[in-house]
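Text of the file upload-v4.txt, holding compact mmCIF, C-alpha atoms:
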# COMPACT_ATOMS: atom_id res chain seq x y z
CA MET U 265 -6.73 -6.96 5.37
CA GLU U 266 -4.95 -4.73 2.91
CA THR U 267 -1.89 -6.20 1.24
CA ILE U 268 1.02 -4.44 -0.40
CA LYS U 269 3.80 -6.09 -2.31
CA VAL U 270 7.39 -4.94 -1.93
CA SER U 271 10.12 -6.23 -4.23
CA SER U 272 13.78 -5.39 -4.71
CA LYS U 273 12.68 -3.03 -7.50
CA SER U 274 10.01 -1.17 -5.51
CA ASN U 275 10.34 2.59 -5.20
CA PRO U 276 10.78 3.30 -1.45
CA ASN U 277 8.93 6.63 -1.73
CA ASN U 278 5.86 4.95 -3.19
CA VAL U 279 5.93 2.16 -0.63
CA ALA U 280 6.36 4.74 2.16
CA GLY U 281 3.23 6.53 0.93
CA ALA U 282 1.25 3.30 0.94
CA LEU U 283 2.49 2.40 4.44
CA SER U 284 1.57 5.88 5.72
CA ASN U 285 -1.96 5.52 4.40
CA MET U 286 -2.34 2.12 6.04
CA LEU U 287 -0.96 3.45 9.35
CA LYS U 288 -3.43 6.34 9.42
CA ASP U 289 -6.25 3.84 9.88
CA ASN U 290 -4.43 1.13 11.86
CA ASP U 291 -2.11 1.21 14.86
CA GLN U 292 -0.37 -1.91 13.66
CA ILE U 293 0.27 -3.37 10.24
CA SER U 294 2.58 -6.10 9.05
CA VAL U 295 4.52 -6.48 5.84
CA GLN U 296 6.15 -9.65 4.55
CA VAL U 297 9.12 -9.80 2.19
CA ILE U 298 11.31 -12.49 0.68
CA GLY U 299 14.97 -11.82 -0.06
CA ALA U 300 17.61 -9.28 0.90
CA GLY U 301 16.76 -6.84 -1.89
CA ALA U 302 13.09 -6.61 -0.98
CA LEU U 303 13.91 -6.30 2.73
CA ASN U 304 16.31 -3.45 1.92
CA GLN U 305 13.61 -1.56 0.02
CA LEU U 306 11.11 -2.16 2.80
CA ILE U 307 13.41 -0.83 5.53
CA LYS U 308 14.17 2.26 3.42
CA SER U 309 10.42 2.72 2.93
CA ILE U 310 9.83 2.52 6.67
CA ILE U 311 12.47 5.19 7.28
CA ILE U 312 10.84 7.50 4.72
CA CYS U 313 7.42 6.69 6.19
CA ARG U 314 8.66 7.91 9.58
CA GLY U 315 9.17 11.29 7.95
CA PHE U 316 5.61 11.29 6.61
CA LEU U 317 4.07 10.41 9.98
CA ALA U 318 6.24 12.53 12.29
CA PRO U 319 4.39 15.79 11.43
CA LEU U 320 1.17 14.02 12.45
CA GLY U 321 2.64 13.30 15.87
CA LYS U 322 3.07 9.62 15.18
CA THR U 323 6.22 7.57 15.54
CA ILE U 324 6.68 4.01 14.42
CA LYS U 325 8.64 1.07 15.76
CA CYS U 326 9.30 -2.26 14.09
CA ILE U 327 9.31 -5.84 15.29
CA PRO U 328 10.83 -8.32 12.84
CA SER U 329 10.08 -12.04 12.78
CA PHE U 330 10.48 -15.02 10.50
CA THR U 331 7.45 -16.18 8.57
CA GLU U 332 6.61 -18.93 6.11
CA ILE U 333 5.19 -17.74 2.83
CA ASN U 334 3.45 -20.06 0.41
CA ILE U 335 4.24 -19.17 -3.19
CA ASN U 336 3.01 -21.43 -5.99
CA ASN U 337 2.70 -24.32 -3.53
CA SER U 338 6.29 -24.05 -2.33
CA VAL U 339 6.96 -22.77 1.19
CA LYS U 340 9.66 -20.12 1.56
CA THR U 341 11.00 -18.46 4.67
CA GLY U 342 10.45 -14.74 4.55
CA ILE U 343 10.71 -11.91 7.00
CA LYS U 344 7.70 -10.22 8.51
CA ILE U 345 8.01 -6.70 9.86
CA ALA U 346 5.27 -5.64 12.27
CA ILE U 347 5.03 -1.85 12.23
CA LEU U 348 3.56 -0.27 15.37
CA SER U 349 2.37 3.30 15.27
CA GLY U 350 2.28 5.32 18.48
CA ASP U 351 1.77 8.88 19.64
CA ASN U 352 5.25 9.46 20.98
CA MET M 43 30.89 2.52 22.91
CA GLU M 44 31.10 -1.08 21.81
CA THR M 45 31.07 -1.67 18.06
CA ILE M 46 30.16 -4.78 16.16
CA LYS M 47 30.56 -5.30 12.44
CA VAL M 48 27.88 -7.06 10.41
CA SER M 49 28.49 -8.04 6.81
CA SER M 50 26.54 -10.02 4.26
CA LYS M 51 28.63 -13.05 5.30
CA SER M 52 28.07 -12.72 9.05
CA ASN M 53 26.52 -15.67 10.88
CA PRO M 54 23.19 -14.41 12.29
CA ASN M 55 23.47 -16.69 15.35
CA ASN M 56 26.83 -15.21 16.30
CA VAL M 57 25.63 -11.65 15.73
CA ALA M 58 22.49 -12.39 17.77
CA GLY M 59 24.67 -13.55 20.67
CA ALA M 60 26.74 -10.37 20.52
CA LEU M 61 23.60 -8.20 20.37
CA SER M 62 22.12 -10.04 23.35
CA ASN M 63 25.24 -9.41 25.41
CA MET M 64 25.19 -5.71 24.53
CA LEU M 65 21.47 -5.47 25.38
CA LYS M 66 21.98 -7.02 28.81
CA ASP M 67 23.94 -3.94 29.84
CA ASN M 68 22.19 -1.29 27.75
CA ASP M 69 18.54 -0.46 27.13
CA GLN M 70 19.38 0.92 23.72
CA ILE M 71 22.08 0.11 21.19
CA SER M 72 22.48 1.01 17.56
CA VAL M 73 23.98 -0.92 14.69
CA GLN M 74 24.98 0.44 11.31
CA VAL M 75 25.15 -1.53 8.09
CA ILE M 76 25.87 -0.81 4.45
CA GLY M 77 24.20 -2.80 1.70
CA ALA M 78 21.20 -5.09 1.34
CA GLY M 79 23.12 -8.26 2.22
CA ALA M 80 24.42 -6.89 5.51
CA LEU M 81 21.01 -5.45 6.41
CA ASN M 82 19.45 -8.86 5.75
CA GLN M 83 21.88 -10.59 8.11
CA LEU M 84 21.32 -7.91 10.75
CA ILE M 85 17.52 -8.24 10.67
CA LYS M 86 17.82 -12.03 10.90
CA SER M 87 20.19 -11.56 13.87
CA ILE M 88 17.69 -9.27 15.59
CA ILE M 89 14.95 -11.87 15.17
CA ILE M 90 17.17 -14.58 16.69
CA CYS M 91 18.21 -12.17 19.45
CA ARG M 92 14.53 -11.74 20.37
CA GLY M 93 14.50 -15.44 21.16
CA PHE M 94 17.56 -15.10 23.40
CA LEU M 95 16.10 -12.19 25.37
CA ALA M 96 12.47 -13.32 25.65
CA PRO M 97 13.21 -15.83 28.47
CA LEU M 98 14.78 -12.93 30.42
CA GLY M 99 11.50 -11.01 30.14
CA LYS M 100 12.89 -8.55 27.63
CA THR M 101 11.44 -7.65 24.27
CA ILE M 102 13.08 -5.50 21.63
CA LYS M 103 11.80 -3.03 19.10
CA CYS M 104 13.68 -1.43 16.23
CA ILE M 105 13.79 2.07 14.82
CA PRO M 106 15.56 2.33 11.44
CA SER M 107 17.12 5.50 10.07
CA PHE M 108 19.53 6.59 7.36
CA THR M 109 23.08 7.42 8.37
CA GLU M 110 26.25 8.58 6.69
CA ILE M 111 29.23 6.34 7.21
CA ASN M 112 32.76 7.43 6.46
CA ILE M 113 34.84 4.63 4.99
CA ASN M 114 38.35 5.33 3.73
CA ASN M 115 37.47 9.02 3.37
CA SER M 116 34.44 8.37 1.18
CA VAL M 117 30.97 8.98 2.60
CA LYS M 118 28.38 6.26 2.05
CA THR M 119 24.74 6.15 3.03
CA GLY M 120 24.05 3.28 5.34
CA ILE M 121 21.17 2.21 7.51
CA LYS M 122 21.22 2.51 11.28
CA ILE M 123 18.95 0.31 13.37
CA ALA M 124 18.34 1.51 16.91
CA ILE M 125 17.40 -1.47 19.06
CA LEU M 126 15.37 -0.67 22.15
CA SER M 127 15.07 -3.23 24.91
CA GLY M 128 12.06 -3.14 27.22
CA ASP M 129 10.41 -5.25 29.90
CA ASN M 130 7.23 -6.02 28.03
Show the structure stored in the file as structure tokens.
Amino acid sequence: METIKVSSKSNPNNVAGALSNMLKDNDQISVQVIGAGALNQLIKSIIICRGFLAPLGKTIKCIPSFTEININNSVKTGIKIAILSGDN
Amino acid sequence: METIKVSSKSNPNNVAGALSNMLKDNDQISVQVIGAGALNQLIKSIIICRGFLAPLGKTIKCIPSFTEININNSVKTGIKIAILSGDN
């Protein structure tokens, strides 16, 4: 499974490009983030990604959930966004 | 149209309850926020709201977009989350 990292300093355009590439091969991907800043960049990236995929006849919807992420042996609560790609 | 305000200090449980009530009467609602902190609270609220609606046989999906919000005659770019409620 491909993994991308999104932080509060990520460029939403770059992340959107990476998401688009992943969604060309998969109908569903999921991205995990920790913190408000990273979530903000991710949601902006998803919006931009919609613009990349719309000309290909694809739309995306999101399903958020809580997730536990293990970083350096400490467990943090993050947010997971499942991104579903469809043809309408 | 009913309006709810979500800020970075909003309690996600309370917002989730308000969203659930709105989604009982409407298949689609939209919520606008400005800033990473408010977006974070909104996404957490949506996750909690999923738990309120699941026992009623409803699931929700989100579609984010950019939006311009006029506050005190200055235009700011916010994020709008359309929340779609469905029976599966």
Identify, on the basis of only C-alpha atoms, every residue whose closest approach to range 328-343 of chain U does not exceed 8 Å; exclude the query and any residue fewer than 6 positions from it along the same chain; express the result as a list of chain:residue names. U:Gln296, U:Val297, U:Ile298, U:Gly299, U:Leu303, M:Ile85, M:Lys86, M:Ile88, M:Ile89
Here is a test: counting all atoms listed in the file, which residue of M:Gln70, M:Ser127, M:Thr45, M:Ala60 is nearest to Gly99 in chain M?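 Answer, going by the shortest atom-to-atom distance: M:Ser127.
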I'd like the neighbourhood of Val73 in chain M as an NGL selection string, where a residue qualifies if any of its atoms comes within 7 Å (using only C-alpha atoms), though same-chain residues fewer than 5 positions away should be ignored. :M and (122-124)
Just-selected residues, C-alpha atoms written as a PDB file, keeping the file's coordinate frame:
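In the end it all went to again_4.pdb:
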ATOM      1  CA  LYS M 122      21.220   2.510  11.280  1.00  0.00           C
ATOM      2  CA  ILE M 123      18.950   0.310  13.370  1.00  0.00           C
ATOM      3  CA  ALA M 124      18.340   1.510  16.910  1.00  0.00           C
TER       4      ALA M 124
END
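As for CA of Ser271 in chain U and CA of Val48 in chain M, they are spaced 23.0 Å apart.
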Restricting the calculation to all atoms listed in the file: of U:Ser294, U:Thr323, U:Ser309, U:Asn304, which residue gets closest to chain M?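 Going through U:Ser294, U:Thr323, U:Ser309, U:Asn304 one by one, the smallest distance to chain M is for U:Asn304.
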Nearest to chain U by atom-to-atom distance, counting all atoms listed in the file, from M:Leu84, M:Cys91, M:Leu126, M:Ala78: M:Ala78
At a cut-off of 10 Å from (18.8, -1.5, 29.2) in the coordinates of the file, what residues are picked up using all atoms listed in the file, written as a PyMOL selection string? chain M and resi 64-71+100+126-129
Selected residues, C-alpha atoms, written as a compact mmCIF listing (two decimals), keeping the file's coordinate frame, please.
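Okay, result.txt is ready:
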# COMPACT_ATOMS: atom_id res chain seq x y z
CA MET M 64 25.19 -5.71 24.53
CA LEU M 65 21.47 -5.47 25.38
CA LYS M 66 21.98 -7.02 28.81
CA ASP M 67 23.94 -3.94 29.84
CA ASN M 68 22.19 -1.29 27.75
CA ASP M 69 18.54 -0.46 27.13
CA GLN M 70 19.38 0.92 23.72
CA ILE M 71 22.08 0.11 21.19
CA LYS M 100 12.89 -8.55 27.63
CA LEU M 126 15.37 -0.67 22.15
CA SER M 127 15.07 -3.23 24.91
CA GLY M 128 12.06 -3.14 27.22
CA ASP M 129 10.41 -5.25 29.90
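The space separating CA of Val279 in chain U from CA of Pro54 in chain M comes to 27.2 Å.
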Since the input lacks atoms, please generate N, CA and C atoms for range 101-122 of chain M and provide them as a CSV table (one decimal), in the coordinates of the input.
chain,number,residue,atom,x,y,z
M,101,THR,N,11.8,-7.7,25.7
M,101,THR,CA,11.4,-7.6,24.3
M,101,THR,C,12.2,-6.5,23.6
M,102,ILE,N,12.4,-6.6,22.3
M,102,ILE,CA,13.1,-5.5,21.6
M,102,ILE,C,12.3,-5.0,20.5
M,103,LYS,N,12.4,-3.7,20.2
M,103,LYS,CA,11.8,-3.0,19.1
M,103,LYS,C,12.9,-2.3,18.3
M,104,CYS,N,12.7,-2.0,17.1
M,104,CYS,CA,13.7,-1.4,16.2
M,104,CYS,C,13.2,-0.1,15.6
M,105,ILE,N,14.1,0.8,15.5
M,105,ILE,CA,13.8,2.1,14.8
M,105,ILE,C,14.9,2.3,13.8
M,106,PRO,N,14.5,2.2,12.5
M,106,PRO,CA,15.6,2.3,11.4
M,106,PRO,C,15.7,3.8,11.0
M,107,SER,N,16.9,4.2,10.6
M,107,SER,CA,17.1,5.5,10.1
M,107,SER,C,18.3,5.5,9.1
M,108,PHE,N,18.4,6.5,8.3
M,108,PHE,CA,19.5,6.6,7.4
M,108,PHE,C,20.7,7.2,8.1
M,109,THR,N,21.9,6.9,7.7
M,109,THR,CA,23.1,7.4,8.4
M,109,THR,C,24.2,7.5,7.4
M,110,GLU,N,25.1,8.5,7.6
M,110,GLU,CA,26.2,8.6,6.7
M,110,GLU,C,27.4,8.0,7.4
M,111,ILE,N,28.1,7.1,6.6
M,111,ILE,CA,29.2,6.3,7.2
M,111,ILE,C,30.5,6.7,6.4
M,112,ASN,N,31.5,7.0,7.1
M,112,ASN,CA,32.8,7.4,6.5
M,112,ASN,C,33.7,6.2,6.4
M,113,ILE,N,33.9,5.8,5.2
M,113,ILE,CA,34.8,4.6,5.0
M,113,ILE,C,36.0,5.0,4.1
M,114,ASN,N,37.2,5.0,4.5
M,114,ASN,CA,38.4,5.3,3.7
M,114,ASN,C,38.2,6.7,3.1
M,115,ASN,N,37.7,7.6,3.8
M,115,ASN,CA,37.5,9.0,3.4
M,115,ASN,C,36.4,9.2,2.3
M,116,SER,N,35.6,8.1,2.0
M,116,SER,CA,34.4,8.4,1.2
M,116,SER,C,33.2,8.1,2.0
M,117,VAL,N,32.2,9.0,1.8
M,117,VAL,CA,31.0,9.0,2.6
M,117,VAL,C,29.9,8.1,1.9
M,118,LYS,N,29.4,7.1,2.6
M,118,LYS,CA,28.4,6.3,2.0
M,118,LYS,C,27.1,6.4,2.9
M,119,THR,N,26.0,6.2,2.3
M,119,THR,CA,24.7,6.2,3.0
M,119,THR,C,24.4,4.7,3.5
M,120,GLY,N,24.4,4.6,4.8
M,120,GLY,CA,24.0,3.3,5.3
M,120,GLY,C,22.7,3.3,6.1
M,121,ILE,N,22.4,2.3,6.7
M,121,ILE,CA,21.2,2.2,7.5
M,121,ILE,C,21.5,1.9,8.9
M,122,LYS,N,21.0,2.7,9.9
M,122,LYS,CA,21.2,2.5,11.3
M,122,LYS,C,20.0,1.9,11.9
